[in-house]
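S.K.: One structure is given below, represented as structure tokens, and several questions about it will come after.
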Amino acid sequence: MPQRRTRSLTSARAALVAALGLTLAGCWGTIADPGNTGGECGLVPLPAPRRLSHTEYRNTVRDLFPTITLPSVELVPDPTPRGFDNDAEALQPSALLVNQYNVAAARIAERVRQRRADVIDCAAADSACGAAFIAAYAPRAYRRPLAASEQATLQQVFDGYLAAAGFDVALELTTQVILQSPAFLYKVETVGPDRQPSPYDVASRLSYLLWSTMPDDELFAAAASSSLATPAQVEAQVDRMLADPRALDGFMVFASQWLDLARLDRVSKLPADGLTGSVRDALREEARRFLAEIIFARGGTIDDLLTSPRAFISAETAAFYGLPAPAAGTWAEVELPAERKGFLMQAQFLASHGHPNNPSPVLRGLFVLGDLMCVELGSPPAGVDMSIPEGDPQMGPTTNRQNYDRVTGADLCQTCHSIINPIGFTFERFDTMGRVRSDDNGLPIDTSGTVAGATVADAHALVEVRAASPQVESCVTRKYMLYALAGTDATDDRCLTRDVADGFAASGGSLVGLMRSIAVHPRFNGIVAEAN
Amino acid sequence: MRIPRFTPSRRRFLQAAGLGAGGLFLPSLLRGKRAKAGVGAPPMRLIICYHHHGVPHATWDMHQGRTPGTRWEYALTGLAENEFSPCLRPLHRHRNKLTVVDGLSLATAIADPHGDGHAKGWVSSLTGGIARETIEGIKSNAARPSVDQLIARALREQDPTLTDMVSLETGIYEYNFHAALFAELQPGQPVQRVPHEEQPRALFNRLFPNGDGSTPPDPRMVAQPDVLASVAGMYDAMASRLSTEDRRKLETHRDLLSDVEARLRRLGGLTCGAPPISDYYWGQVPHTQRYDEHCASFWSLMAVALSCGISRVATMQFGPLFVEQIGGDGDLHQDYAHPSSPDQLNDPLHPNAVQMMTNYTARYARYIADLADLLDGIPEGNGTMLDHTIILWTSELAHGGHGHDGWPAVIIGGGQRFRTGRWLHYEHDTLTTTTASWVNENNTIGLPHNHLLVSIAQAMGVDTDTVGDPSVRPKKASAPAIDLRGPLPGLV
């Protein structure tokens, strides 16, 4: 795990906070305590340097050069050991990645040079124009003002190649240097001489959480004018940012990883099931629209996620639900048939958690346990047969449930499968593609199960029980904080956990409210630092 | 720069890419480099090829009626083609330079209580160690560097002229999180997964930064070493302002940049002929064509890099073949690989499983035979480049049932170090290392594969008697620890 480090709160800062009349005790410790060691929550953590995830890299490059269309770049996938691609410990440089950054920088720089008129407006192609380019782009790439030495280095690079190879080469190579520099590729927070966090670091914390990209001009301006120094100022910025279209991007970066939407790309089905490329695309879009509209745009809650009857269908997916197809190329918001409700009974989730020959109660059960309830069960014991259960021809026709019961029936297996299977079995009404089925291999379907000790009749009852439980809200809070803190499990930070949970609840359980409650918390955004 | 696109038949492609004497890209070294490499004393090289799902032993084994479980060997050189097993038949033409190592076990994978068989195999097969971390059952991190990375590091320490391209990591249709390569980026720090290159064009551009020689060097490419030096200086400056703890990541990045810089300066002074390659994005051509031509392109690039002195180690991580490549349909993993395991051979639901996995394994054997053809066609010293190159072809698993006992290892070449032309079978008398409660503690497994990894490291000039864990505990508590040190007996 990343090391949690601390920095300290100066008495001057404490005085400022006190002067503002803020009642912050309990949020980050006892501010009046110069050592800040006796408070409930300990010191405010300072994030370790971390590389931008590839998502953040691509978004940042896009926003750095918003007037031009950039080429695609190939980057080896980021590791996701804890489910998220911004894990500070895992985002290590590698030989291949450094090469790919080099290639990417060259391709982007070439495009910048080709579209020079859209990037920089100079009267003459000279050193002064290079200086103007550096002044316009390098601080934004670095998400902070340049140090004098950094400015000098970049100008030296530009002038050197201007003399040796001309303006275009100088422009390209200077752009390459900027795009490979540590201040661009890494988030490195530093503490100034006054031991205060830089307002530019605060701006980046907010923008990468809420937008998954660099700060915009207004956020930079707020940092430059010291207008990110108080909770009220930060809240104002957070509310502005949440109203910006980029907030949906930021939410989807989290939500798509939390709900493992990419799993759909990894599953295989039998040809007869027709999981073609266009159907995969449609299922992916079905989930994206549900999350974007029902959960994000309409302020949806965990209850909405699990029990909303609303969904989006296209011509490719209408048949899954037995509904009339909208016109080709269009999407329709519909009320799902009575046998379905919520994300877990939509085709995208169900198809993602099924094997070629059969739906998987284990995968479906594990998702509910791991991703919605944060119950970690560990790995199967060594040497167990991991083959997918199939019917035993000598036993005559059997249901999928009976097959799973049979192969997981040993005491050793039941240690975990007695918890997993009764959750997954509640989805047995849906086949491996997520279609409703009336029988299983000619036999009646048993959808009864148990979750957290409660007996449920089917998936409907399951999601009702889960939606009514605080456990799912607690779990998503933990997941969002894991993402916000770049892989640091915040469960030991009682103040952050408690306050974020309170903020989440105060918002009515809205997931956007959860985003906000993390973003505005001083222990996340760092607007209050602490002394040695 | 455009690389000449060359996409006729596979045979014509290989011929054009340099098969046989007089090939188009036989390397020419600068005089200084040739003197340094030592004419007549070519260095040993290593190529590791690695595929998924093990082998179907029913059609892979060539025991010739001998009793498994004891140590024996016999000569392959006199066998007719139809006496080779169906899986290995494509290698018959290389039988004089072939060494099959049979009957070993991944004792460390068997001992690992966490993760499924694939995950443990990814970690253990090339590292010889138990995973340090298993997450979600599949995403494991190793505790030890893989043998290719261990060798690459040692070679760089021995020869400062070698660059970061001392080892080439390539793959086809592979997810990097399945990969088996791990390295210690900084001494004493946890090993990290080493990603691999999947696009031949990208590797070409790294090997030939100034293009294929058909056009004048691009000034932007010529400037790259200086650009990278400038950037590395920025990492140095920023790292110096950070705490020791925070500095490490930036210093690693700086060192990697410096590696690229050093390589570009060195490659700029080498004259190595550029081979034609094929490079397709996903979906551009049929999957089979892309797989075949990417494989051939990587072979060509490896041959140039190894013969030209740029690289000494290369790896190819084969992603699972497409089911249509082996004449089937459905799901390769579930419908064919699992049911081909020894305990499911008579499964009436999957009567074709063994045949399909035989096709699967034989196709890899053909790829490996093509690679051997390529290297055997390059004269070197008193023989060919293949005599100075060890090709190790192996897998994450012993068989499709996720087992790790009976791990397949095929060596081609390396005649300067190993006695070739033999089938070597090893004893099955090591106490099991499993922690599974239902397994009898007196059960046995094959000789641990660590010894083979040690042999390969030693053949490459690495002074070590250990690759991976030095020992592993058997399940039987009263028995002594199993010693994993030392080379494999009988190989040299």
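Convention: chains lettered A, B, ... in structure tokens order; per-chain residue numbering from 1; ligands numbered from 1 as shown.
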Hey, list the chain B side of the contact with chain A: 6 Å cut-off, only C-alpha atoms, answer as a tab-separated table (two decimals) with N, CA and C atoms, in the first residue's frame.
M.R.:
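For reference, out-v3.tsv as written:
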chain	number	residue	atom	x	y	z
B	113	PRO	N	-0.93	-21.28	-2.29
B	113	PRO	CA	-2.32	-21.57	-1.95
B	113	PRO	C	-3.33	-20.61	-2.58
B	114	HIS	N	-2.86	-19.58	-3.26
B	114	HIS	CA	-3.80	-18.54	-3.71
B	114	HIS	C	-3.91	-18.49	-5.24
B	115	GLY	N	-5.09	-18.11	-5.69
B	115	GLY	CA	-5.29	-17.89	-7.12
B	115	GLY	C	-5.59	-19.17	-7.86
B	137	GLY	N	-8.07	-13.24	-7.44
B	137	GLY	CA	-7.85	-14.57	-7.99
B	137	GLY	C	-6.99	-14.62	-9.23
B	231	VAL	N	15.11	15.80	-20.85
B	231	VAL	CA	13.98	15.35	-20.02
B	231	VAL	C	14.51	14.63	-18.78
B	235	TYR	N	13.83	15.12	-14.54
B	235	TYR	CA	13.49	14.15	-13.50
B	235	TYR	C	14.52	14.20	-12.38
B	253	HIS	N	12.15	6.43	-13.42
B	253	HIS	CA	11.76	6.99	-14.72
B	253	HIS	C	12.96	7.64	-15.40
B	256	LEU	N	15.21	5.03	-16.83
B	256	LEU	CA	14.66	4.44	-18.05
B	256	LEU	C	14.84	5.38	-19.25
B	330	GLY	N	-16.83	-22.30	-30.87
B	330	GLY	CA	-17.15	-22.25	-29.45
B	330	GLY	C	-16.05	-21.54	-28.68
B	436	ALA	N	-3.28	-28.24	-0.30
B	436	ALA	CA	-4.67	-28.71	-0.35
B	436	ALA	C	-4.90	-29.82	0.68
S.K.: Going by DSSP on the backbone, which bits of stretch 214-357 of chain A are alpha helix (DSSP H)? Write them as an MDAnalysis selection string, please.
M.R.: chainID A and resid 217:224 231:242 246:258 277:289 302:307 318:321 347:352
S.K.: I need the residues from that last selection saved to file as a PDB file, in the first residue's frame (with C-alpha atoms), if you can.
M.R.:
ATOM      1  CA  ASP A 217      -8.895  28.256 -16.882  1.00  0.00           C
ATOM      2  CA  GLU A 218     -11.324  29.262 -14.153  1.00  0.00           C
ATOM      3  CA  LEU A 219      -9.819  26.826 -11.694  1.00  0.00           C
ATOM      4  CA  PHE A 220      -6.333  28.015 -12.591  1.00  0.00           C
ATOM      5  CA  ALA A 221      -7.499  31.574 -12.076  1.00  0.00           C
ATOM      6  CA  ALA A 222      -8.938  30.678  -8.697  1.00  0.00           C
ATOM      7  CA  ALA A 223      -5.621  29.150  -7.700  1.00  0.00           C
ATOM      8  CA  ALA A 224      -3.707  32.146  -8.956  1.00  0.00           C
ATOM      9  CA  PRO A 231     -14.054  25.570   2.330  1.00  0.00           C
ATOM     10  CA  ALA A 232     -16.619  27.950   0.913  1.00  0.00           C
ATOM     11  CA  GLN A 233     -14.410  28.805  -2.032  1.00  0.00           C
ATOM     12  CA  VAL A 234     -13.731  25.159  -2.716  1.00  0.00           C
ATOM     13  CA  GLU A 235     -17.417  24.307  -2.454  1.00  0.00           C
ATOM     14  CA  ALA A 236     -18.232  26.987  -4.970  1.00  0.00           C
ATOM     15  CA  GLN A 237     -15.715  25.563  -7.398  1.00  0.00           C
ATOM     16  CA  VAL A 238     -16.900  22.001  -6.794  1.00  0.00           C
ATOM     17  CA  ASP A 239     -20.493  22.962  -7.500  1.00  0.00           C
ATOM     18  CA  ARG A 240     -19.436  24.741 -10.673  1.00  0.00           C
ATOM     19  CA  MET A 241     -17.427  21.738 -11.770  1.00  0.00           C
ATOM     20  CA  LEU A 242     -20.237  19.292 -11.067  1.00  0.00           C
ATOM     21  CA  ARG A 246     -16.807  17.006 -17.811  1.00  0.00           C
ATOM     22  CA  ALA A 247     -18.204  15.894 -14.452  1.00  0.00           C
ATOM     23  CA  LEU A 248     -20.016  13.107 -16.240  1.00  0.00           C
ATOM     24  CA  ASP A 249     -16.684  11.991 -17.681  1.00  0.00           C
ATOM     25  CA  GLY A 250     -15.232  11.970 -14.200  1.00  0.00           C
ATOM     26  CA  PHE A 251     -18.151  10.035 -12.779  1.00  0.00           C
ATOM     27  CA  MET A 252     -18.031   7.461 -15.567  1.00  0.00           C
ATOM     28  CA  VAL A 253     -14.317   6.853 -15.093  1.00  0.00           C
ATOM     29  CA  PHE A 254     -15.129   5.796 -11.539  1.00  0.00           C
ATOM     30  CA  ALA A 255     -18.433   4.064 -12.200  1.00  0.00           C
ATOM     31  CA  SER A 256     -17.274   2.042 -15.188  1.00  0.00           C
ATOM     32  CA  GLN A 257     -14.397   0.638 -13.155  1.00  0.00           C
ATOM     33  CA  TRP A 258     -16.438   0.107 -10.003  1.00  0.00           C
ATOM     34  CA  GLY A 277     -19.508  -6.598 -32.051  1.00  0.00           C
ATOM     35  CA  SER A 278     -22.527  -4.393 -32.582  1.00  0.00           C
ATOM     36  CA  VAL A 279     -24.460  -6.151 -29.816  1.00  0.00           C
ATOM     37  CA  ARG A 280     -21.512  -5.717 -27.461  1.00  0.00           C
ATOM     38  CA  ASP A 281     -21.403  -2.034 -28.365  1.00  0.00           C
ATOM     39  CA  ALA A 282     -25.123  -1.731 -27.734  1.00  0.00           C
ATOM     40  CA  LEU A 283     -24.931  -3.453 -24.360  1.00  0.00           C
ATOM     41  CA  ARG A 284     -22.029  -1.224 -23.368  1.00  0.00           C
ATOM     42  CA  GLU A 285     -23.994   1.837 -24.415  1.00  0.00           C
ATOM     43  CA  GLU A 286     -27.081   0.591 -22.579  1.00  0.00           C
ATOM     44  CA  ALA A 287     -25.138   0.594 -19.316  1.00  0.00           C
ATOM     45  CA  ARG A 288     -23.474   3.906 -20.023  1.00  0.00           C
ATOM     46  CA  ARG A 289     -26.781   5.625 -20.716  1.00  0.00           C
ATOM     47  CA  ILE A 302     -28.155   3.378  -4.726  1.00  0.00           C
ATOM     48  CA  ASP A 303     -31.854   2.621  -4.589  1.00  0.00           C
ATOM     49  CA  ASP A 304     -32.196   3.848  -8.177  1.00  0.00           C
ATOM     50  CA  LEU A 305     -29.177   1.853  -9.265  1.00  0.00           C
ATOM     51  CA  LEU A 306     -30.613  -1.330  -7.851  1.00  0.00           C
ATOM     52  CA  THR A 307     -34.329  -0.931  -8.369  1.00  0.00           C
ATOM     53  CA  ALA A 318     -34.834  -4.563 -27.547  1.00  0.00           C
ATOM     54  CA  ALA A 319     -35.295  -8.279 -28.108  1.00  0.00           C
ATOM     55  CA  PHE A 320     -33.528  -9.068 -24.842  1.00  0.00           C
ATOM     56  CA  TYR A 321     -36.361  -7.346 -23.045  1.00  0.00           C
ATOM     57  CA  ALA A 347     -28.703  -7.384 -20.122  1.00  0.00           C
ATOM     58  CA  GLN A 348     -25.261  -5.771 -19.902  1.00  0.00           C
ATOM     59  CA  PHE A 349     -24.635  -6.971 -16.364  1.00  0.00           C
ATOM     60  CA  LEU A 350     -26.211 -10.376 -16.844  1.00  0.00           C
ATOM     61  CA  ALA A 351     -24.377 -11.115 -20.098  1.00  0.00           C
ATOM     62  CA  SER A 352     -21.102  -9.968 -18.605  1.00  0.00           C
TER      63      SER A 352
END
S.K.: Give me the residues near B:Glu427 as a compact mmCIF listing (two decimals) with C-alpha atoms, in the first residue's frame, where near means some atom within 8 Å (using only C-alpha atoms) and where sequence neighbours in that chain fewer than 6 positions away do not count.
M.R.:
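The new file selection.txt reads:
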# COMPACT_ATOMS: atom_id res chain seq x y z
CA PRO B 68 7.21 -42.55 -16.85
CA GLY B 69 8.30 -41.42 -13.43
CA THR B 70 11.91 -42.52 -13.58
CA ARG B 71 14.86 -40.79 -15.17
CA GLY B 103 8.41 -34.67 -16.38
CA GLY B 446 8.04 -34.09 -10.88
CA LEU B 447 11.48 -32.64 -10.34
S.K.: Could you list, as a list in words, every residue within 8 Å of B:Val313, counting only C-alpha atoms and ignoring same-chain residues fewer than 6 positions away?
M.R.: Arg45, Leu46, Ile47, Asp148, Ile151, Ala152, Val166, Ser167, Leu168 and Leu306 of chain B
S.K.: Quick one: DSSP strand (DSSP E or B) residues in stretch 155-307 of chain B, as a VMD selection string?
M.R.: chain B and resid 167 to 172 182 to 183 192 to 193 197
S.K.: Identify which of the residues B:Gln416, B:Ser146, B:Thr99, B:Gln325 lies closest to B:Arg363, counting only C-alpha atoms when measuring atom-to-atom distances.
M.R.: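 Distance minimum relative to B:Arg363 lands on B:Gln325.
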S.K.: Could you tell me how far atom CA of B:Thr444 sits from atom CA of B:Leu88, in Å to one decimal place?
M.R.: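 For atom CA of B:Leu88 relative to atom CA of B:Thr444, the distance reads 26.9 Å.
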S.K.: For the atom pair atom CA of B:Met357 and atom CA of B:His196, what is the interatomic distance in Å to one decimal place?
M.R.: 25.6 Å
S.K.: Neighbouring residues of B:Gln189 were defined as those with any atom within 12 Å, considering only C-alpha atoms; residues of the same chain fewer than 3 positions away were excluded. Please report them as a count of residues only.
M.R.: 14
S.K.: What is the distance between atom CA of B:Gly403 and atom CA of B:Tyr336, in Å to one decimal?
M.R.: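 Atom-to-atom, atom CA of B:Gly403 and atom CA of B:Tyr336 are spaced 15.2 Å apart.
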S.K.: Which residues, written as a ChimeraX atom specification, have at least one atom at most 10 Å from B:Thr161, with only C-alpha atoms counted and residues fewer than 4 positions away on the same chain left out?
M.R.: /B:33,36,155-157,166,262-263,266,309-310
S.K.: Only N, CA and C atoms, please: the residues just picked out, written as a tab-separated table (two decimals), in the first residue's frame.
M.R.:
chain	number	residue	atom	x	y	z
B	33	LYS	N	32.28	-2.63	-33.49
B	33	LYS	CA	31.36	-3.50	-32.77
B	33	LYS	C	31.68	-4.97	-33.05
B	36	LYS	N	34.39	-5.96	-30.96
B	36	LYS	CA	34.01	-6.09	-29.56
B	36	LYS	C	33.24	-7.38	-29.32
B	155	LEU	N	23.59	-9.59	-17.81
B	155	LEU	CA	24.38	-9.34	-19.02
B	155	LEU	C	24.76	-7.88	-19.15
B	156	ARG	N	23.83	-7.01	-18.76
B	156	ARG	CA	24.16	-5.58	-18.83
B	156	ARG	C	25.26	-5.22	-17.84
B	157	GLU	N	25.23	-5.90	-16.69
B	157	GLU	CA	26.29	-5.64	-15.73
B	157	GLU	C	27.64	-6.13	-16.27
B	166	VAL	N	18.64	-4.88	-24.38
B	166	VAL	CA	19.27	-6.18	-24.16
B	166	VAL	C	18.22	-7.27	-24.16
B	262	ALA	N	20.77	6.19	-24.18
B	262	ALA	CA	22.00	5.45	-24.46
B	262	ALA	C	21.81	4.51	-25.65
B	263	ARG	N	20.64	3.89	-25.69
B	263	ARG	CA	20.38	2.97	-26.80
B	263	ARG	C	20.32	3.72	-28.14
B	266	ARG	N	23.66	4.51	-29.29
B	266	ARG	CA	24.37	3.32	-29.77
B	266	ARG	C	23.79	2.85	-31.10
B	309	GLY	N	23.73	-7.74	-32.23
B	309	GLY	CA	24.33	-7.36	-30.96
B	309	GLY	C	23.53	-6.37	-30.16
B	310	ILE	N	22.32	-6.03	-30.63
B	310	ILE	CA	21.50	-5.09	-29.87
B	310	ILE	C	20.91	-5.79	-28.65
